[in-house]
There are 2 protein chains.
Amino acid sequence: MTPSRPDPVAVIGASGALGFGLAVRLARTGVPIAVGSRDATRAEETADRAGSIVPDGSFSAHGNAEAVRAASTVILSVPFRNQSETLTNLKQALEPGQLLIDATVPLAAAVGGKATRMLGVWQGSAAQQALELAPVGVRVVSALHTVSAASLTDLQHPLDQDVLVCGDVPADKAEVASLLERIEGLRCVDCGALEMARTTEALTALLISVNSRYKAHAGVRLTHLPELLWE
Amino acid sequence: MTPSRPDPVAVIGASGALGFGLAVRLARTGVPIAVGSRDATRAEETADRAGSIVPDGSFSAHGNAEAVRAASTVILSVPFRNQSETLTNLKQALEPGQLLIDATVPLAAAVGGKATRMLGVWQGSAAQQALELAPVGVRVVSALHTVSAASLTDLQHPLDQDVLVCGDVPADKAEVASLLERIEGLRCVDCGALEMARTTEALTALLISVNSRYKAHAGVRLTHLPELLWE
């Protein structure tokens, strides 16, 4: 590893569509990816598949806890139905100071409902649930709900959209932005406190509704913003 | 009135910022506007003010019920705190077949809370409350929550954004689109059933949060959609 190499990022749920897309897109920019899965065999398969798409990418395969220990930044991209259990199982692995990017969406599909509908989460949003479940000191930021997994995974697909970022600490959001903006075509927008994730998460359901109408993979772009969004 | 002149549109709440902006923007495209207000004097003042901004626009001033009777399409743009009472008072004026475009946003500010937070509406959204309160047969469509009032009112400001449209009847949404797309720079996107207004309404609060961070008047654009959005 050369000194200029970026820090590794753990992707928990990298075998899922969004996690996989993020893994390959980030790896292509030189970020080493710790592929996490509950099942070590599945992690291996996912790392192999990612490596075949980004041959010069760095992918290592781990169980979830080991992946978390291998990186200072963790992207949590699991189905809502697994979020609580996953975070509970990671309580010993996550450490204060780690950055946890939560991309979970509480779609009603988690309990057999429609993917255009949301579940009410007692804490307000999946991101707020993540904050509650993560050890104290883990820096939770919510992001990535409006970025289509299909577009991410298709490396030929030009991305041209915003990542809506919510969190309670501006510096944490800026750190997320500097990581995710390595991916060409993604611009991060500070949408406010973590509680605003209630709405950014719901945008996934809205986009699923739009996509079903137009057979598209829509993204979101906020217009009329200044050039410089992060200091 | 020449045969080619578009049908008049009633704007209920035209003295408010969003209603006023819509009135002047639509009037500029040749749509006669029935300016509605609870207070007839206020309607007169608003119509005069609109006429001074769009001198060749057609603005007539009415009480709310009279404005509704003067138009087949009604835009409801009142504070959430007044939505229920306004619609109850319009029960005798609204007629089956009329198109009601609801732009109400249940911001927590209605009860002294933050404008970046939403109230829970029992029916799910202000639009669904409008559907419940309007006489049977009134065609309720939800729209316009992400369009900044300030940008609409400033006629020099190029609009470059989408209007997210929700409703249960595709033909009604298409009718709304053909009206609102008269305004240059606005593109309407079908976001699905009326219940999706829960999220499009919440986007107002999200944009208020973004705007406060960036001192902007942000709008929303959905990317990666096909050219033709309405048949």
# chains A, B, ... in the order shown; residues from 1 in each chain; ligands from 1
>>> interface_residues(of="chain B", to="chain A", cutoff="6 Å", atoms="only C-alpha atoms", output="list in words")
Cys191, Gly192, Ser209, Val210, Ala216, Ala218, Gly219, Val220, Arg221, Leu222, Thr223, His224 and Leu225 of chain B
>>> atom_distance(atom1="atom CA of B:Arg182", atom2="atom CA of B:Gln98")
19.5 Å
>>> residues_around(residues="B:Ser72", least_positions_apart="4", cutoff="12 Å", atoms="only C-alpha atoms", output="JSON, numbers by chain")
{"B": [6, 7, 8, 9, 10, 11, 32, 33, 34, 66, 67, 68, 93, 94, 95, 96, 97, 98, 99, 100, 101, 138, 139, 175, 176]}
>>> select_by_dssp(residues="stretch 21-181 of chain B", states="helix (DSSP H, G or I)", output="PyMOL selection string")
chain B and resi 21-28+40-53+64-69+80-89+108-111+126-133+149-153+170-180
>>> residues_around(residues="stretch 36-47 of chain A", least_positions_apart="6", cutoff="9 Å", atoms="only C-alpha atoms", output="list in words")
Ala10, Val11, Ile12, Gly13, Ala14, Ser15, Phe20, Ser58, Phe59, Ser60, Ala61, His62, Gly63, Asn64, Ala65, Glu66, Ala67, Val68 and Thr86 of chain A
>>> write_last_selection(atoms="all heavy atoms", output="compact mmCIF listing (two decimals), in the first residue's frame")
# COMPACT_ATOMS: atom_id res chain seq x y z
N ALA A 10 -15.29 -0.29 4.22
CA ALA A 10 -16.03 -1.55 4.34
C ALA A 10 -17.43 -1.36 3.79
O ALA A 10 -18.09 -0.36 4.11
CB ALA A 10 -16.09 -1.97 5.80
N VAL A 11 -17.86 -2.28 2.96
CA VAL A 11 -19.24 -2.24 2.48
C VAL A 11 -19.96 -3.45 3.05
O VAL A 11 -19.69 -4.60 2.67
CB VAL A 11 -19.31 -2.24 0.93
CG1 VAL A 11 -20.77 -2.20 0.48
CG2 VAL A 11 -18.55 -1.06 0.36
N ILE A 12 -20.86 -3.17 3.99
CA ILE A 12 -21.65 -4.23 4.61
C ILE A 12 -22.91 -4.40 3.78
O ILE A 12 -23.70 -3.45 3.63
CB ILE A 12 -22.02 -3.86 6.07
CG1 ILE A 12 -20.78 -3.50 6.87
CG2 ILE A 12 -22.83 -4.97 6.73
CD1 ILE A 12 -19.74 -4.60 6.93
N GLY A 13 -23.08 -5.58 3.23
CA GLY A 13 -24.18 -5.81 2.29
C GLY A 13 -23.71 -5.60 0.87
O GLY A 13 -24.48 -5.19 0.00
N ALA A 14 -22.45 -5.90 0.62
CA ALA A 14 -21.88 -5.65 -0.71
C ALA A 14 -22.41 -6.63 -1.76
O ALA A 14 -22.25 -6.40 -2.96
CB ALA A 14 -20.35 -5.73 -0.66
N SER A 15 -23.04 -7.69 -1.32
CA SER A 15 -23.62 -8.61 -2.31
C SER A 15 -24.99 -8.12 -2.79
O SER A 15 -25.50 -8.57 -3.81
CB SER A 15 -23.72 -10.03 -1.75
OG SER A 15 -24.36 -10.01 -0.51
N PHE A 20 -23.08 -3.51 -3.94
CA PHE A 20 -22.17 -3.96 -4.99
C PHE A 20 -21.80 -2.80 -5.93
O PHE A 20 -20.62 -2.61 -6.27
CB PHE A 20 -22.80 -5.10 -5.79
CG PHE A 20 -21.86 -5.72 -6.77
CD1 PHE A 20 -20.88 -6.61 -6.35
CD2 PHE A 20 -21.92 -5.40 -8.12
CE1 PHE A 20 -19.99 -7.18 -7.26
CE2 PHE A 20 -21.04 -5.96 -9.03
CZ PHE A 20 -20.07 -6.85 -8.60
N SER A 58 -9.10 -3.13 -5.59
CA SER A 58 -8.65 -3.94 -4.45
C SER A 58 -9.87 -4.36 -3.64
O SER A 58 -10.55 -3.52 -3.04
CB SER A 58 -7.69 -3.12 -3.59
OG SER A 58 -7.59 -3.69 -2.30
N PHE A 59 -10.16 -5.65 -3.66
CA PHE A 59 -11.31 -6.17 -2.93
C PHE A 59 -10.86 -7.28 -1.99
O PHE A 59 -10.21 -8.24 -2.45
CB PHE A 59 -12.35 -6.75 -3.89
CG PHE A 59 -12.88 -5.77 -4.89
CD1 PHE A 59 -12.34 -5.71 -6.18
CD2 PHE A 59 -13.90 -4.89 -4.57
CE1 PHE A 59 -12.82 -4.81 -7.12
CE2 PHE A 59 -14.38 -3.98 -5.50
CZ PHE A 59 -13.83 -3.93 -6.79
N SER A 60 -11.16 -7.16 -0.72
CA SER A 60 -10.88 -8.25 0.21
C SER A 60 -12.22 -8.74 0.77
O SER A 60 -13.15 -7.96 0.91
CB SER A 60 -9.97 -7.76 1.33
OG SER A 60 -10.54 -6.64 1.98
N ALA A 61 -12.30 -10.02 1.04
CA ALA A 61 -13.57 -10.61 1.48
C ALA A 61 -13.53 -10.94 2.96
O ALA A 61 -12.53 -11.46 3.47
CB ALA A 61 -13.84 -11.88 0.67
N HIS A 62 -14.61 -10.59 3.65
CA HIS A 62 -14.66 -10.76 5.11
C HIS A 62 -16.07 -11.08 5.57
O HIS A 62 -17.04 -10.76 4.89
CB HIS A 62 -14.27 -9.45 5.82
CG HIS A 62 -13.05 -8.79 5.30
ND1 HIS A 62 -11.81 -9.03 5.82
CD2 HIS A 62 -12.87 -7.88 4.31
CE1 HIS A 62 -10.91 -8.29 5.17
NE2 HIS A 62 -11.54 -7.59 4.24
N GLY A 63 -16.16 -11.65 6.77
CA GLY A 63 -17.43 -11.58 7.49
C GLY A 63 -17.67 -10.13 7.86
O GLY A 63 -16.74 -9.30 7.85
N ASN A 64 -18.91 -9.78 8.22
CA ASN A 64 -19.23 -8.37 8.48
C ASN A 64 -18.32 -7.74 9.55
O ASN A 64 -17.79 -6.64 9.35
CB ASN A 64 -20.69 -8.23 8.91
CG ASN A 64 -21.65 -8.32 7.73
OD1 ASN A 64 -21.25 -8.11 6.58
ND2 ASN A 64 -22.90 -8.64 7.99
N ALA A 65 -18.17 -8.44 10.66
CA ALA A 65 -17.40 -7.84 11.77
C ALA A 65 -15.95 -7.61 11.35
O ALA A 65 -15.36 -6.56 11.64
CB ALA A 65 -17.46 -8.74 13.00
N GLU A 66 -15.39 -8.57 10.65
CA GLU A 66 -14.00 -8.44 10.20
C GLU A 66 -13.87 -7.29 9.19
O GLU A 66 -12.88 -6.55 9.21
CB GLU A 66 -13.57 -9.76 9.57
CG GLU A 66 -12.07 -9.90 9.35
CD GLU A 66 -11.75 -11.21 8.64
OE1 GLU A 66 -11.96 -12.27 9.25
OE2 GLU A 66 -11.32 -11.17 7.46
N ALA A 67 -14.87 -7.14 8.33
CA ALA A 67 -14.83 -6.04 7.36
C ALA A 67 -14.83 -4.70 8.08
O ALA A 67 -14.07 -3.78 7.73
CB ALA A 67 -16.03 -6.13 6.40
N VAL A 68 -15.66 -4.60 9.11
CA VAL A 68 -15.74 -3.35 9.87
C VAL A 68 -14.39 -3.05 10.54
O VAL A 68 -13.96 -1.89 10.60
CB VAL A 68 -16.87 -3.45 10.92
CG1 VAL A 68 -16.73 -2.38 11.99
CG2 VAL A 68 -18.23 -3.34 10.23
N THR A 86 -28.07 -6.70 12.02
CA THR A 86 -26.70 -6.48 11.55
C THR A 86 -25.94 -5.55 12.50
O THR A 86 -24.81 -5.83 12.91
CB THR A 86 -26.70 -5.88 10.12
OG1 THR A 86 -27.39 -6.78 9.25
CG2 THR A 86 -25.28 -5.67 9.61
>>> select_by_dssp(residues="stretch 94-227 of chain B", states="strand (DSSP E or B)", output="list in words")
Leu99, Leu100, Ile101, Asp102, Leu107, Met118, Arg139, Val140, Val141, Ser142, Gln161, Asp162, Val163, Leu164, Val165, Cys166, Gly167, Leu186, Arg187, Cys188, Val189, Asp190, Gly219, Val220, Arg221, Leu222 and Thr223 of chain B
>>> residues_around(residues="B:Thr29", least_positions_apart="3", cutoff="7 Å", atoms="only C-alpha atoms", output="MDAnalysis selection string")
chainID B and resid 25:26 182:183
>>> write_last_selection(atoms="N, CA and C atoms", output="PDB file, in the first residue's frame")
ATOM      1  N   ARG B  25     -47.168  33.764 -12.897  1.00  0.00           N
ATOM      2  CA  ARG B  25     -46.525  32.947 -13.941  1.00  0.00           C
ATOM      3  C   ARG B  25     -47.557  32.402 -14.933  1.00  0.00           C
ATOM      4  N   LEU B  26     -48.690  31.931 -14.401  1.00  0.00           N
ATOM      5  CA  LEU B  26     -49.714  31.392 -15.312  1.00  0.00           C
ATOM      6  C   LEU B  26     -50.347  32.502 -16.136  1.00  0.00           C
ATOM      7  N   ARG B 182     -47.166  25.059 -19.176  1.00  0.00           N
ATOM      8  CA  ARG B 182     -47.220  26.348 -19.877  1.00  0.00           C
ATOM      9  C   ARG B 182     -46.150  27.282 -19.312  1.00  0.00           C
ATOM     10  N   ILE B 183     -45.817  27.087 -18.047  1.00  0.00           N
ATOM     11  CA  ILE B 183     -44.808  27.935 -17.406  1.00  0.00           C
ATOM     12  C   ILE B 183     -43.425  27.453 -17.831  1.00  0.00           C
TER      13      ILE B 183
END
>>> residues_around(residues="A:Phe80", least_positions_apart="3", cutoff="10 Å", atoms="only C-alpha atoms", output="mmCIF file with C-alpha atoms, in the first residue's frame")
data_model
loop_
_atom_site.group_PDB
_atom_site.id
_atom_site.type_symbol
_atom_site.label_atom_id
_atom_site.label_comp_id
_atom_site.auth_asym_id
_atom_site.auth_seq_id
_atom_site.Cartn_x
_atom_site.Cartn_y
_atom_site.Cartn_z
ATOM 1 C CA SER A 77 -26.259 -1.190 2.691
ATOM 2 C CA GLN A 83 -30.494 -3.532 9.648
ATOM 3 C CA SER A 84 -31.231 -3.951 13.321
ATOM 4 C CA GLU A 85 -29.753 -7.437 13.589
ATOM 5 C CA THR A 86 -26.695 -6.478 11.553
ATOM 6 C CA ALA A 103 -28.033 3.691 3.188
ATOM 7 C CA THR A 104 -30.881 1.632 4.600
ATOM 8 C CA VAL A 105 -34.411 2.233 3.354
ATOM 9 C CA PRO A 106 -37.434 1.144 5.395
ATOM 10 C CA LEU A 107 -39.528 0.123 2.407
ATOM 11 C CA ALA A 108 -42.807 -1.583 3.207
ATOM 12 C CA ALA A 109 -41.480 -4.395 1.019
ATOM 13 C CA ALA A 110 -39.523 -5.479 4.125
ATOM 14 C CA VAL A 111 -42.781 -6.833 5.538
ATOM 15 C CA LEU A 119 -42.674 1.687 7.066
ATOM 16 C CA ALA A 126 -33.537 3.951 9.448
#
>>> residues_around(residues="B:Gly167", least_positions_apart="3", cutoff="8 Å", atoms="only C-alpha atoms", output="PyMOL selection string")
chain B and resi 140-142+170+172-173+192-195
>>> atom_distance(atom1="atom CA of B:Gly21", atom2="atom CA of B:Ser148")
8.9 Å
>>> closest_residue(among="B:Val169, B:Leu179, B:Ile53, B:Val31", to="B:Thr153", atoms="only C-alpha atoms")
B:Ile53
>>> atom_distance(atom1="atom CA of B:Leu144", atom2="atom CA of B:Val163")
5.5 Å
